[in-house]
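Here is the file query29.txt (compact mmCIF, C-alpha atoms and all ligand atoms).
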# COMPACT_ATOMS: atom_id res chain seq x y z
CA MET P 182 -112.15 38.36 -10.32
CA GLU P 183 -111.45 39.34 -13.94
CA LYS P 184 -111.81 36.41 -16.24
CA LEU P 185 -108.85 35.43 -18.39
CA ARG P 186 -109.56 36.39 -21.99
CA VAL P 187 -108.76 33.32 -24.05
CA GLY P 188 -108.34 34.00 -27.76
CA ILE P 189 -109.27 30.89 -29.70
CA ILE P 190 -107.36 31.20 -32.97
CA LEU P 191 -108.96 29.21 -35.79
CA GLY P 192 -108.98 29.01 -39.58
CA GLY P 193 -105.53 29.93 -40.82
CA MET P 194 -103.44 29.69 -43.95
CA SER P 195 -102.93 25.96 -44.35
CA SER P 196 -104.59 23.08 -46.18
CA GLU P 197 -106.10 22.14 -42.81
CA ASN P 198 -108.07 25.36 -42.21
CA GLU P 199 -111.43 23.57 -42.30
CA VAL P 200 -110.16 21.03 -39.77
CA SER P 201 -109.10 23.98 -37.65
CA LEU P 202 -112.58 25.50 -37.81
CA ASN P 203 -114.01 22.30 -36.35
CA SER P 204 -111.37 22.26 -33.63
CA GLY P 205 -111.82 25.91 -32.71
CA ARG P 206 -115.59 25.72 -32.68
CA ASN P 207 -115.48 22.78 -30.31
CA VAL P 208 -112.99 24.48 -28.00
CA TYR P 209 -115.21 27.58 -28.01
CA ASP P 210 -118.27 25.49 -27.10
CA ASN P 211 -116.50 23.74 -24.26
CA LEU P 212 -114.47 26.55 -22.72
CA ASP P 213 -115.36 26.95 -19.04
CA ARG P 214 -117.27 30.27 -18.92
CA GLU P 215 -116.86 30.51 -15.14
CA ARG P 216 -113.10 30.93 -15.52
CA TYR P 217 -112.53 32.20 -19.02
CA GLU P 218 -113.93 34.66 -21.49
CA PRO P 219 -113.67 33.21 -25.01
CA VAL P 220 -112.61 35.51 -27.83
CA PRO P 221 -112.95 33.79 -31.21
CA ILE P 222 -110.21 34.96 -33.55
CA PHE P 223 -110.41 34.01 -37.18
CA MET P 224 -107.13 33.93 -39.08
CA ASP P 225 -107.92 34.44 -42.75
CA ILE P 226 -106.16 32.75 -45.64
CA LYS P 227 -103.68 35.65 -45.91
CA GLY P 228 -102.86 35.62 -42.22
CA GLY P 229 -105.08 38.56 -41.15
CA PHE P 230 -106.73 38.43 -37.72
CA TRP P 231 -110.43 39.12 -37.19
CA ILE P 232 -112.40 39.07 -33.97
CA ILE P 233 -115.60 37.38 -35.02
CA PRO P 234 -118.99 37.37 -33.29
CA TRP P 235 -119.76 33.93 -31.88
CA GLN P 236 -122.58 33.46 -34.39
CA LEU P 237 -120.04 33.25 -37.21
CA ILE P 238 -118.36 30.23 -35.66
CA SER P 239 -121.34 28.12 -36.68
CA GLN P 240 -120.73 28.73 -40.37
CA ASN P 241 -119.97 25.55 -42.27
CA THR P 242 -116.67 26.51 -43.90
CA THR P 243 -113.91 29.10 -43.57
CA VAL P 244 -115.04 30.42 -46.97
CA ASP P 245 -118.51 31.10 -45.53
CA ILE P 246 -116.97 32.92 -42.60
CA SER P 247 -114.72 34.94 -44.91
CA GLU P 248 -117.73 36.27 -46.81
CA HIS P 249 -119.14 37.79 -43.59
CA LEU P 250 -115.95 39.31 -42.27
CA GLU P 251 -116.13 42.82 -43.71
CA ARG P 252 -119.63 43.47 -42.34
CA GLU P 253 -119.76 41.45 -39.14
CA ALA P 254 -116.21 41.02 -37.83
CA ARG P 255 -113.56 43.39 -36.55
CA ARG P 256 -110.15 43.35 -38.26
CA ILE P 257 -107.28 43.77 -35.84
CA SER P 258 -103.57 44.28 -36.44
CA TYR P 259 -101.05 41.86 -34.98
CA GLU P 260 -100.06 44.44 -32.37
CA GLN P 261 -103.68 44.82 -31.25
CA LEU P 262 -103.97 41.15 -30.37
CA ASP P 263 -102.17 41.89 -27.17
CA ASP P 264 -104.93 44.36 -26.13
CA GLU P 265 -107.71 41.89 -26.88
CA ILE P 266 -106.57 38.65 -25.24
CA ASP P 267 -104.51 37.42 -22.29
CA PHE P 268 -103.87 33.94 -23.62
CA ALA P 269 -104.03 32.21 -27.01
CA PHE P 270 -105.59 28.82 -27.51
CA ILE P 271 -104.08 27.79 -30.84
CA ALA P 272 -106.69 25.75 -32.70
CA LEU P 273 -104.80 26.10 -35.98
CA HIS P 274 -103.30 23.13 -37.80
CA GLY P 275 -100.61 22.77 -40.44
CA LYS P 276 -98.30 25.30 -42.01
CA TYR P 277 -98.12 28.72 -40.26
CA GLY P 278 -100.36 27.27 -37.52
CA ASP P 279 -98.53 24.56 -35.64
CA ASP P 280 -95.12 24.82 -37.28
CA GLY P 281 -93.61 27.62 -35.19
CA CYS P 282 -94.80 30.60 -37.25
CA ILE P 283 -97.76 31.70 -35.13
CA GLN P 284 -95.83 30.69 -32.02
CA GLY P 285 -93.08 33.14 -33.03
CA LEU P 286 -95.60 35.94 -33.47
CA LEU P 287 -97.16 35.25 -30.06
CA GLU P 288 -93.70 35.23 -28.46
CA ILE P 289 -92.96 38.67 -29.92
CA LEU P 290 -96.31 39.96 -28.62
CA GLY P 291 -95.72 38.38 -25.21
CA ILE P 292 -98.91 36.32 -25.31
CA PRO P 293 -98.77 32.86 -23.71
CA TYR P 294 -100.26 30.04 -25.76
CA THR P 295 -101.13 26.33 -25.84
CA GLY P 296 -98.73 23.78 -27.25
CA SER P 297 -95.04 23.66 -28.01
CA GLY P 298 -92.64 26.53 -28.61
CA VAL P 299 -91.14 27.80 -31.86
CA LEU P 300 -88.45 25.18 -32.46
CA SER P 301 -90.42 22.15 -31.31
CA SER P 302 -93.46 23.18 -33.29
CA ALA P 303 -91.29 23.47 -36.39
CA ILE P 304 -89.82 20.04 -35.71
CA GLY P 305 -93.31 18.69 -35.01
CA MET P 306 -94.21 19.64 -38.56
CA ASP P 307 -91.11 18.33 -40.31
CA LYS P 308 -91.15 14.56 -40.72
CA VAL P 309 -87.53 14.38 -41.89
CA MET P 310 -86.13 16.30 -38.92
CA GLN P 311 -88.33 14.32 -36.53
CA GLN P 312 -86.96 11.02 -37.72
CA LYS P 313 -83.37 12.21 -37.25
CA ILE P 314 -84.07 13.32 -33.69
CA LEU P 315 -86.08 10.24 -32.77
CA LYS P 316 -83.40 7.92 -34.16
CA GLY P 317 -80.77 9.83 -32.20
CA ALA P 318 -82.79 9.31 -29.03
CA GLY P 319 -82.87 5.54 -29.61
CA LEU P 320 -86.44 5.33 -30.86
CA ASP P 321 -87.50 3.09 -33.72
CA VAL P 322 -88.75 4.82 -36.88
CA PRO P 323 -89.65 3.46 -40.33
CA ARG P 324 -86.92 2.99 -42.92
CA SER P 325 -87.08 6.02 -45.15
CA MET P 326 -85.40 8.17 -47.77
CA VAL P 327 -85.82 11.73 -48.99
CA ILE P 328 -85.97 12.67 -52.67
CA THR P 329 -85.77 16.31 -53.64
CA GLU P 330 -87.87 17.71 -56.47
CA GLU P 331 -84.64 18.45 -58.34
CA ALA P 332 -83.38 14.86 -58.13
CA TRP P 333 -86.79 13.53 -59.14
CA GLN P 334 -87.07 15.79 -62.18
CA LEU P 335 -83.54 14.91 -63.23
CA SER P 336 -84.10 11.17 -63.38
CA LYS P 337 -87.52 9.75 -62.67
CA ALA P 338 -86.62 6.27 -63.92
CA ASP P 339 -83.50 5.96 -61.74
CA MET P 340 -85.35 7.25 -58.69
CA THR P 341 -88.24 4.86 -59.25
CA GLN P 342 -85.77 1.98 -59.49
CA HIS P 343 -84.02 3.18 -56.35
CA ILE P 344 -87.35 3.24 -54.45
CA ALA P 345 -88.25 -0.24 -55.73
CA ASP P 346 -84.86 -1.66 -54.71
CA THR P 347 -84.92 -0.04 -51.28
CA PHE P 348 -88.49 -0.66 -50.14
CA GLY P 349 -90.30 -2.86 -52.65
CA PHE P 350 -94.06 -2.34 -52.81
CA PRO P 351 -96.26 -1.16 -51.26
CA CYS P 352 -94.38 1.81 -49.87
CA VAL P 353 -95.57 5.25 -48.78
CA THR P 354 -94.79 8.68 -50.22
CA LYS P 355 -95.60 11.84 -48.27
CA PRO P 356 -94.84 15.54 -48.14
CA THR P 357 -92.34 16.28 -45.40
CA ARG P 358 -94.49 19.02 -43.86
CA GLU P 359 -98.23 18.46 -44.04
CA GLY P 360 -100.91 16.84 -41.90
CA SER P 361 -104.34 15.18 -42.06
CA SER P 362 -102.91 12.65 -44.59
CA ILE P 363 -102.87 15.36 -47.26
CA GLY P 364 -100.45 14.41 -50.04
CA VAL P 365 -99.87 10.90 -48.60
CA THR P 366 -100.01 8.01 -51.11
CA LEU P 367 -99.87 4.28 -50.68
CA VAL P 368 -97.69 3.33 -53.64
CA ARG P 369 -98.60 -0.18 -54.76
CA SER P 370 -96.29 -0.68 -57.73
CA GLU P 371 -93.64 0.96 -59.85
CA ASP P 372 -96.41 2.42 -62.00
CA ASP P 373 -97.75 4.40 -59.01
CA VAL P 374 -94.46 6.02 -58.00
CA ALA P 375 -94.84 9.04 -60.28
CA ASP P 376 -98.34 9.76 -58.95
CA GLY P 377 -97.16 9.43 -55.36
CA MET P 378 -94.28 11.82 -55.99
CA LYS P 379 -96.57 14.29 -57.72
CA ASN P 380 -99.10 14.23 -54.87
CA ALA P 381 -96.41 14.95 -52.31
CA LEU P 382 -94.59 17.57 -54.39
CA GLU P 383 -97.75 19.65 -54.56
CA TRP P 384 -97.13 20.45 -50.91
CA ASP P 385 -93.39 20.64 -50.49
CA ASN P 386 -90.22 20.51 -52.52
CA HIS P 387 -88.96 17.25 -51.17
CA VAL P 388 -90.67 13.94 -50.55
CA LEU P 389 -90.32 11.41 -47.78
CA ILE P 390 -90.60 7.78 -48.87
CA GLU P 391 -91.10 5.10 -46.24
CA GLU P 392 -91.33 1.35 -46.02
CA PHE P 393 -94.97 0.26 -45.61
CA LEU P 394 -95.73 -0.73 -42.03
CA ASP P 395 -98.19 -3.57 -41.81
CA GLY P 396 -99.04 -3.27 -38.14
CA ILE P 397 -101.54 -1.77 -35.70
CA GLU P 398 -101.62 2.03 -35.79
CA PHE P 399 -101.92 3.85 -32.48
CA SER P 400 -102.22 7.42 -31.26
CA CYS P 401 -101.45 8.82 -27.81
CA ILE P 402 -102.04 12.28 -26.37
CA VAL P 403 -99.44 13.51 -23.91
CA ILE P 404 -100.15 16.39 -21.55
CA ASP P 405 -97.63 18.10 -19.29
CA GLY P 406 -98.24 18.20 -15.57
CA ASP P 407 -96.49 18.69 -12.24
CA ASP P 408 -94.98 15.19 -12.49
CA GLY P 409 -93.77 15.66 -16.05
CA PRO P 410 -95.40 14.59 -19.33
CA ARG P 411 -98.38 12.28 -18.80
CA PRO P 412 -99.55 9.96 -21.58
CA LEU P 413 -103.31 9.46 -21.76
CA SER P 414 -104.82 6.16 -22.85
CA LEU P 415 -103.78 4.79 -26.23
CA THR P 416 -106.18 4.66 -29.14
CA GLU P 417 -106.00 1.88 -31.70
CA ILE P 418 -106.92 3.07 -35.19
CA ARG P 419 -108.83 0.80 -37.55
CA PRO P 420 -109.26 2.79 -40.76
CA GLN P 421 -111.78 1.74 -43.37
CA SER P 422 -109.30 2.43 -46.17
CA ASP P 423 -105.90 0.76 -46.63
CA TYR P 424 -104.42 3.50 -44.49
CA TYR P 425 -105.79 6.33 -42.33
CA THR P 426 -106.93 8.77 -45.02
CA TYR P 427 -108.37 12.31 -44.75
CA ASP P 428 -111.91 10.89 -45.13
CA ASP P 429 -111.26 8.23 -42.49
CA LYS P 430 -110.12 10.99 -40.17
CA TYR P 431 -113.01 13.38 -40.62
CA MET P 432 -116.04 11.73 -42.21
CA PRO P 433 -118.54 10.51 -39.62
CA GLY P 434 -118.62 6.76 -39.18
CA ARG P 435 -115.66 6.01 -41.41
CA CYS P 436 -113.03 4.76 -39.02
CA ARG P 437 -113.17 2.58 -35.90
CA LYS P 438 -111.13 3.83 -32.96
CA PHE P 439 -110.61 1.78 -29.83
CA THR P 440 -109.67 3.62 -26.62
CA PRO P 441 -108.07 1.65 -24.99
CA PRO P 442 -106.91 -0.66 -27.81
CA LYS P 443 -108.59 -4.02 -28.38
CA ASN P 444 -105.73 -5.79 -30.09
CA ILE P 445 -102.67 -4.61 -28.17
CA PRO P 446 -101.75 -6.57 -25.02
CA GLY P 447 -101.66 -4.63 -21.73
CA GLU P 448 -97.90 -4.87 -21.16
CA VAL P 449 -97.27 -3.71 -24.73
CA MET P 450 -99.54 -0.71 -24.13
CA ASP P 451 -97.34 0.28 -21.20
CA ALA P 452 -94.23 -0.09 -23.33
CA ILE P 453 -95.80 2.02 -26.10
CA ARG P 454 -96.71 4.77 -23.66
CA ARG P 455 -93.11 4.81 -22.40
CA GLU P 456 -91.84 5.16 -25.98
CA VAL P 457 -94.39 7.91 -26.58
CA VAL P 458 -93.14 9.93 -23.61
CA LYS P 459 -89.55 9.36 -24.72
CA ALA P 460 -90.43 10.76 -28.16
CA TYR P 461 -92.31 13.71 -26.63
CA LYS P 462 -89.27 14.63 -24.55
CA ALA P 463 -86.74 14.06 -27.34
CA LEU P 464 -88.63 16.46 -29.60
CA GLY P 465 -88.85 19.07 -26.85
CA PHE P 466 -92.64 19.20 -26.98
CA LYS P 467 -94.29 21.34 -24.31
CA SER P 468 -97.78 21.59 -22.83
CA TYR P 469 -99.24 18.81 -24.95
CA GLY P 470 -98.73 16.78 -28.07
CA ARG P 471 -99.92 13.70 -29.91
CA ILE P 472 -97.57 10.88 -30.81
CA ASP P 473 -98.66 8.35 -33.43
CA GLY P 474 -97.00 5.12 -34.44
CA PHE P 475 -97.30 1.44 -35.25
CA TYR P 476 -97.11 -1.73 -33.21
CA MET P 477 -95.71 -4.48 -35.42
CA GLU P 478 -96.42 -8.19 -35.31
CA ASP P 479 -92.78 -8.89 -34.43
CA GLY P 480 -93.17 -6.73 -31.32
CA ARG P 481 -91.46 -3.58 -32.59
CA ILE P 482 -92.89 -0.18 -31.65
CA LEU P 483 -92.30 2.49 -34.28
CA ILE P 484 -92.97 6.19 -33.96
CA THR P 485 -94.21 7.54 -37.29
CA ASP P 486 -95.97 10.85 -36.73
CA PRO P 487 -95.35 13.03 -33.68
CA ASN P 488 -97.63 16.09 -33.70
CA SER P 489 -97.08 19.22 -31.66
CA SER P 490 -100.84 19.84 -31.81
CA SER P 491 -103.90 17.69 -32.20
CA GLY P 492 -107.34 17.91 -33.74
CA MET P 493 -109.92 19.11 -31.24
CA ALA P 494 -113.21 18.08 -32.83
CA PRO P 495 -115.66 16.25 -30.53
CA SER P 496 -114.55 12.79 -31.65
CA SER P 497 -110.83 13.60 -31.79
CA PHE P 498 -108.19 11.51 -30.03
CA PHE P 499 -107.76 14.41 -27.63
CA PHE P 500 -111.31 14.31 -26.26
CA GLU P 501 -111.76 10.55 -26.64
CA GLN P 502 -108.68 9.88 -24.53
CA ALA P 503 -109.66 12.59 -22.04
CA ALA P 504 -113.04 10.89 -21.65
CA GLU P 505 -111.32 7.57 -21.00
CA ALA P 506 -109.43 9.35 -18.19
CA GLY P 507 -112.74 10.63 -16.77
CA MET P 508 -112.37 14.19 -18.02
CA LEU P 509 -115.09 16.18 -19.74
CA PRO P 510 -113.94 18.33 -22.68
CA SER P 511 -114.15 21.47 -20.51
CA MET P 512 -111.96 19.83 -17.87
CA ILE P 513 -109.10 18.89 -20.17
CA ILE P 514 -109.28 22.27 -21.92
CA THR P 515 -108.90 23.97 -18.54
CA GLU P 516 -106.03 21.65 -17.63
CA LEU P 517 -104.28 22.43 -20.91
CA ILE P 518 -104.70 26.19 -20.51
CA GLU P 519 -103.45 26.17 -16.94
CA VAL P 520 -100.42 23.95 -17.61
CA SER P 521 -99.53 26.12 -20.61
CA ARG P 522 -99.77 29.31 -18.55
CA LYS P 523 -97.44 27.82 -15.96
CA ILE P 524 -94.92 26.79 -18.62
CA HIS P 525 -94.92 30.32 -20.06
CA GLN P 526 -94.51 31.87 -16.62
CA GLU P 527 -91.40 29.78 -16.05
CA LYS P 528 -89.72 30.12 -19.45
CA ARG P 529 -86.55 32.09 -20.07
CA GLY P 530 -86.79 33.56 -23.56
CA PRO P 531 -89.09 32.10 -26.20
CA LEU P 532 -90.50 28.68 -25.33
N1 LIG G 601 -94.82 4.02 -43.32
C1 LIG G 601 -96.14 3.83 -43.29
N2 LIG G 601 -96.67 2.58 -43.33
C2 LIG G 601 -98.01 2.40 -43.31
N3 LIG G 601 -98.91 3.39 -43.26
C3 LIG G 601 -98.45 4.65 -43.21
C4 LIG G 601 -97.06 4.94 -43.21
N4 LIG G 601 -96.90 6.27 -43.15
C5 LIG G 601 -98.13 6.79 -43.11
N5 LIG G 601 -99.07 5.82 -43.16
C6 LIG G 601 -100.54 6.02 -43.12
O1 LIG G 601 -100.85 7.31 -43.62
C7 LIG G 601 -101.44 8.12 -42.59
C8 LIG G 601 -100.95 9.55 -42.69
O2 LIG G 601 -99.53 9.58 -42.60
P1 LIG G 601 -98.79 10.41 -41.49
O3 LIG G 601 -97.34 10.16 -41.65
O4 LIG G 601 -99.38 10.15 -40.17
O5 LIG G 601 -99.07 11.91 -41.98
P2 LIG G 601 -100.04 13.07 -41.42
O6 LIG G 601 -99.11 14.04 -40.78
O7 LIG G 601 -100.65 13.62 -42.65
O8 LIG G 601 -101.00 12.48 -40.46
C9 LIG G 601 -101.08 7.42 -41.29
O9 LIG G 601 -102.05 7.69 -40.30
C10 LIG G 601 -101.04 5.96 -41.70
O10 LIG G 601 -102.33 5.36 -41.70
MG MG G 602 -100.69 11.21 -38.90
Rendering of file as structure tokens:
Amino acid sequence: MEKLRVGIILGGMSSENEVSLNSGRNVYDNLDRERYEPVPIFMDIKGGFWIIPWQLISQNTTVDISEHLEREARRISYEQLDDEIDFAFIALHGKYGDDGCIQGLLEILGIPYTGSGVLSSAIGMDKVMQQKILKGAGLDVPRSMVITEEAWQLSKADMTQHIADTFGFPCVTKPTREGSSIGVTLVRSEDDVADGMKNALEWDNHVLIEEFLDGIEFSCIVIDGDDGPRPLSLTEIRPQSDYYTYDDKYMPGRCRKFTPPKNIPGEVMDAIRREVVKAYKALGFKSYGRIDGFYMEDGRILITDPNSSSGMAPSSFFFEQAAEAGMLPSMIITELIEVSRKIHQEKRGPL
């Protein structure tokens, strides 16, 4: 039997390209070689595709890989991708990677892929649109407002006052379309508002401001199956910083994660997982996703950050929750590939 050629697409054009390298490398290491033939595909910072020898995957950064491309890798055009792989495992994160752009390209080429389709991926990246949809579906989300760059530049003092009156402090400013906590600021006082706005505006031209949630943060992977979307175990996040920062996410030993949670009662965990599946369905996610939120002291469950993809490093929520369900990394990767293939076989038009 011919093995399915699985292109693992890693790197990419976003601020999260180094995170993607870690994800892709780990997927490459754990792909079941009995069933699949891995084809590592590096997407460079300009969006070009390169088939790289497996040795290059062990480079420390995407910059290191880039320096070897001309001599050691093979540049392919978008059209050629179709000749090289039968299926795409998208290990990209952030803009152009899990926001519908690469999904659109793969749809045009007729290559099935992991994760959600074009529209849901775009929604999965856009925190403002997500909140509208989640609210409409009866889910609880943080109180928030959006300030455009134009409005901010026009009257910083008025906007600062407006934020203070609406949320008080602390509150949170974030870019509407980023990930890995990039551009997120915990704004502690009026004096910090300008910095928070500046941090977020580096990444997008409008800013989402939210009330600060003083609760327990959770994360839950959902994977599609024959019986519909299945939530894995919850993880409780105990960051070392005041919120779950980039360093807490990726520096070894920084953050405690409890799978299953230590401080959330059993019946609440069930309720959270029901809300998580509701959010997954409302956003139209397919194949898998990761829904993050907060459990508040007063019992409320808020959905704050639904993701149409998830980090895939060894200690990621994805593999930690798979392990809790008794699945080795190779097992859940196989499950994800197979469920995604089925979804693409059954679709009518782009996913
Ligand atoms: N409204 C909020 N209240 C408290 N903490 C928040 C809030 N929004 C975000 N955070 C903290 O910032 C982190 C990153 O924000 P998030 O919205 O999840 O963006 P990203 O897409 O970058 O992960 C969260 O994991 C959480 O710890
Ligand atoms: Mg998040």
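Using only C-alpha atoms and all ligand atoms, residues with at least one atom at most 8 Å away from any atom of ligand MG 602 (chain G) are Gly360, Ser361, Ser362, Tyr425, Asp473, Thr485, Asp486, Pro487 and Asn488 of chain P.
The gap separating atom CA of P:Asp372 from atom CA of P:Phe350 is 10.6 Å, in Å to one decimal.
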How would you report the residues lying within 9 Å of ligand LIG 601 (chain G), as a count of residues only, if you count only C-alpha atoms and all ligand atoms? 50
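Proximity ranking of P:Arg435, P:Val388, P:Gln502, P:Glu331 relative to P:Ser400 places P:Gln502 first, based on all atoms listed in the file.
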The centre and edge lengths of an axis-aligned box containing all atoms of stretch 282-285 of chain P present in the file, extended by 5 Å on each side, are to be given in Å to one decimal, as AutoDock Vina command-line options.
--center_x -95.4 --center_y 31.9 --center_z -34.6 --size_x 14.7 --size_y 12.5 --size_z 15.2
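Straight-line separation from atom CA of P:Thr242 to atom CA of P:Ser195: 13.8 Å.
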Counting all atoms listed in the file, what is within 12 Å of P:Leu290, bar same-chain residues fewer than 4 positions away, as JSON, numbers by chain? {"P": [258, 259, 260, 261, 262, 263, 264, 265, 266, 267, 268, 269, 283, 284, 285, 286, 294, 531]}
Coordinates-based distance that separates atom CA of P:Val403 from atom CA of P:Gly507 (Å, one decimal): 15.4 Å
Quick one: residues within 10 Å of (-111.4, 37.5, -21.9) (file frame), counting all atoms listed in the file, please, as a VMD selection string. chain P and resid 183 to 188 214 216 to 220 265 to 268
Step by step: start from the point (-103.6, 5.4, -24.3) in the file's coordinates, keep every protein, DNA or RNA residue that has an atom no farther than 7 Å from it, count only C-alpha atoms, and write the set as a ChimeraX atom specification. /P:401,412-416,440-441,454,502
Residues near P:Asp407, anyone? I mean within 10 Å using all atoms listed in the file, not counting same-chain ones fewer than 4 positions away, as an mmCIF file with C-alpha atoms, in the frame of the given file.
data_model
loop_
_atom_site.group_PDB
_atom_site.id
_atom_site.type_symbol
_atom_site.label_atom_id
_atom_site.label_comp_id
_atom_site.auth_asym_id
_atom_site.auth_seq_id
_atom_site.Cartn_x
_atom_site.Cartn_y
_atom_site.Cartn_z
ATOM 1 C CA ARG P 411 -98.380 12.280 -18.800
ATOM 2 C CA VAL P 520 -100.420 23.950 -17.610
ATOM 3 C CA LYS P 523 -97.440 27.820 -15.960
#
List the neighbours of P:Ser297 out to 8 Å using only C-alpha atoms; skip same-chain residues closer than 2 positions along the sequence, and give me the result as a PyMOL selection string. chain P and resi 295+299+301-302+465-470+489-490+532
I need the chosen residues saved as a PDB file, in the frame of the given file, with C-alpha atoms.
ATOM      1  CA  THR P 295    -101.130  26.330 -25.840  1.00  0.00           C
ATOM      2  CA  VAL P 299     -91.140  27.800 -31.860  1.00  0.00           C
ATOM      3  CA  SER P 301     -90.420  22.150 -31.310  1.00  0.00           C
ATOM      4  CA  SER P 302     -93.460  23.180 -33.290  1.00  0.00           C
ATOM      5  CA  GLY P 465     -88.850  19.070 -26.850  1.00  0.00           C
ATOM      6  CA  PHE P 466     -92.640  19.200 -26.980  1.00  0.00           C
ATOM      7  CA  LYS P 467     -94.290  21.340 -24.310  1.00  0.00           C
ATOM      8  CA  SER P 468     -97.780  21.590 -22.830  1.00  0.00           C
ATOM      9  CA  TYR P 469     -99.240  18.810 -24.950  1.00  0.00           C
ATOM     10  CA  GLY P 470     -98.730  16.780 -28.070  1.00  0.00           C
ATOM     11  CA  SER P 489     -97.080  19.220 -31.660  1.00  0.00           C
ATOM     12  CA  SER P 490    -100.840  19.840 -31.810  1.00  0.00           C
ATOM     13  CA  LEU P 532     -90.500  28.680 -25.330  1.00  0.00           C
TER      14      LEU P 532
END
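For the set P:Gly319, P:Gly291, P:Gly296, P:Pro510, the residue with the smallest atom-to-atom gap to P:Glu456 is P:Gly319, counting only C-alpha atoms.
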Can you pull out the residues contacting P:Ile232? Cut-off 10 Å, using all atoms listed in the file, and skip same-chain residues under 6 positions away; I want them as an mmCIF file with C-alpha atoms, in the coordinates of the input.
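The result, stored in around.cif:
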data_model
loop_
_atom_site.group_PDB
_atom_site.id
_atom_site.type_symbol
_atom_site.label_atom_id
_atom_site.label_comp_id
_atom_site.auth_asym_id
_atom_site.auth_seq_id
_atom_site.Cartn_x
_atom_site.Cartn_y
_atom_site.Cartn_z
ATOM 1 C CA GLY P 188 -108.340 34.000 -27.760
ATOM 2 C CA ILE P 189 -109.270 30.890 -29.700
ATOM 3 C CA ILE P 190 -107.360 31.200 -32.970
ATOM 4 C CA VAL P 220 -112.610 35.510 -27.830
ATOM 5 C CA PRO P 221 -112.950 33.790 -31.210
ATOM 6 C CA ILE P 222 -110.210 34.960 -33.550
ATOM 7 C CA PHE P 223 -110.410 34.010 -37.180
ATOM 8 C CA MET P 224 -107.130 33.930 -39.080
ATOM 9 C CA LEU P 250 -115.950 39.310 -42.270
ATOM 10 C CA GLU P 253 -119.760 41.450 -39.140
ATOM 11 C CA ALA P 254 -116.210 41.020 -37.830
ATOM 12 C CA ARG P 255 -113.560 43.390 -36.550
ATOM 13 C CA ARG P 256 -110.150 43.350 -38.260
ATOM 14 C CA ILE P 257 -107.280 43.770 -35.840
ATOM 15 C CA LEU P 262 -103.970 41.150 -30.370
ATOM 16 C CA GLU P 265 -107.710 41.890 -26.880
#
For P:Arg252, list every protein, DNA or RNA residue within 12 Å, evaluated using all atoms listed in the file, and leave out those in the same chain fewer than 3 positions away; present the list as an NGL selection string. :P and (231-234 or 237 or 246-249 or 255-256)
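Using all atoms listed in the file, the shortest contact distance between P:Lys459 and any of P:Ile328, P:Leu517, P:Val374, P:Leu320 is found at P:Leu320.
Each of P:His274, P:Leu212, P:Trp235, P:Glu288 was checked against P:Arg529 using all atoms listed in the file; the smallest atom-to-atom distance is that of P:Glu288.
For the residues P:Leu389, P:Val244, P:Ala463, P:Val457, ranking by smallest atom-to-atom distance to P:Glu330 using only C-alpha atoms places P:Leu389 first.
Minimum distance to P:Phe270 across P:Arg369, P:Arg522, P:Arg481, P:Lys528 (counting all atoms listed in the file) occurs at P:Arg522.
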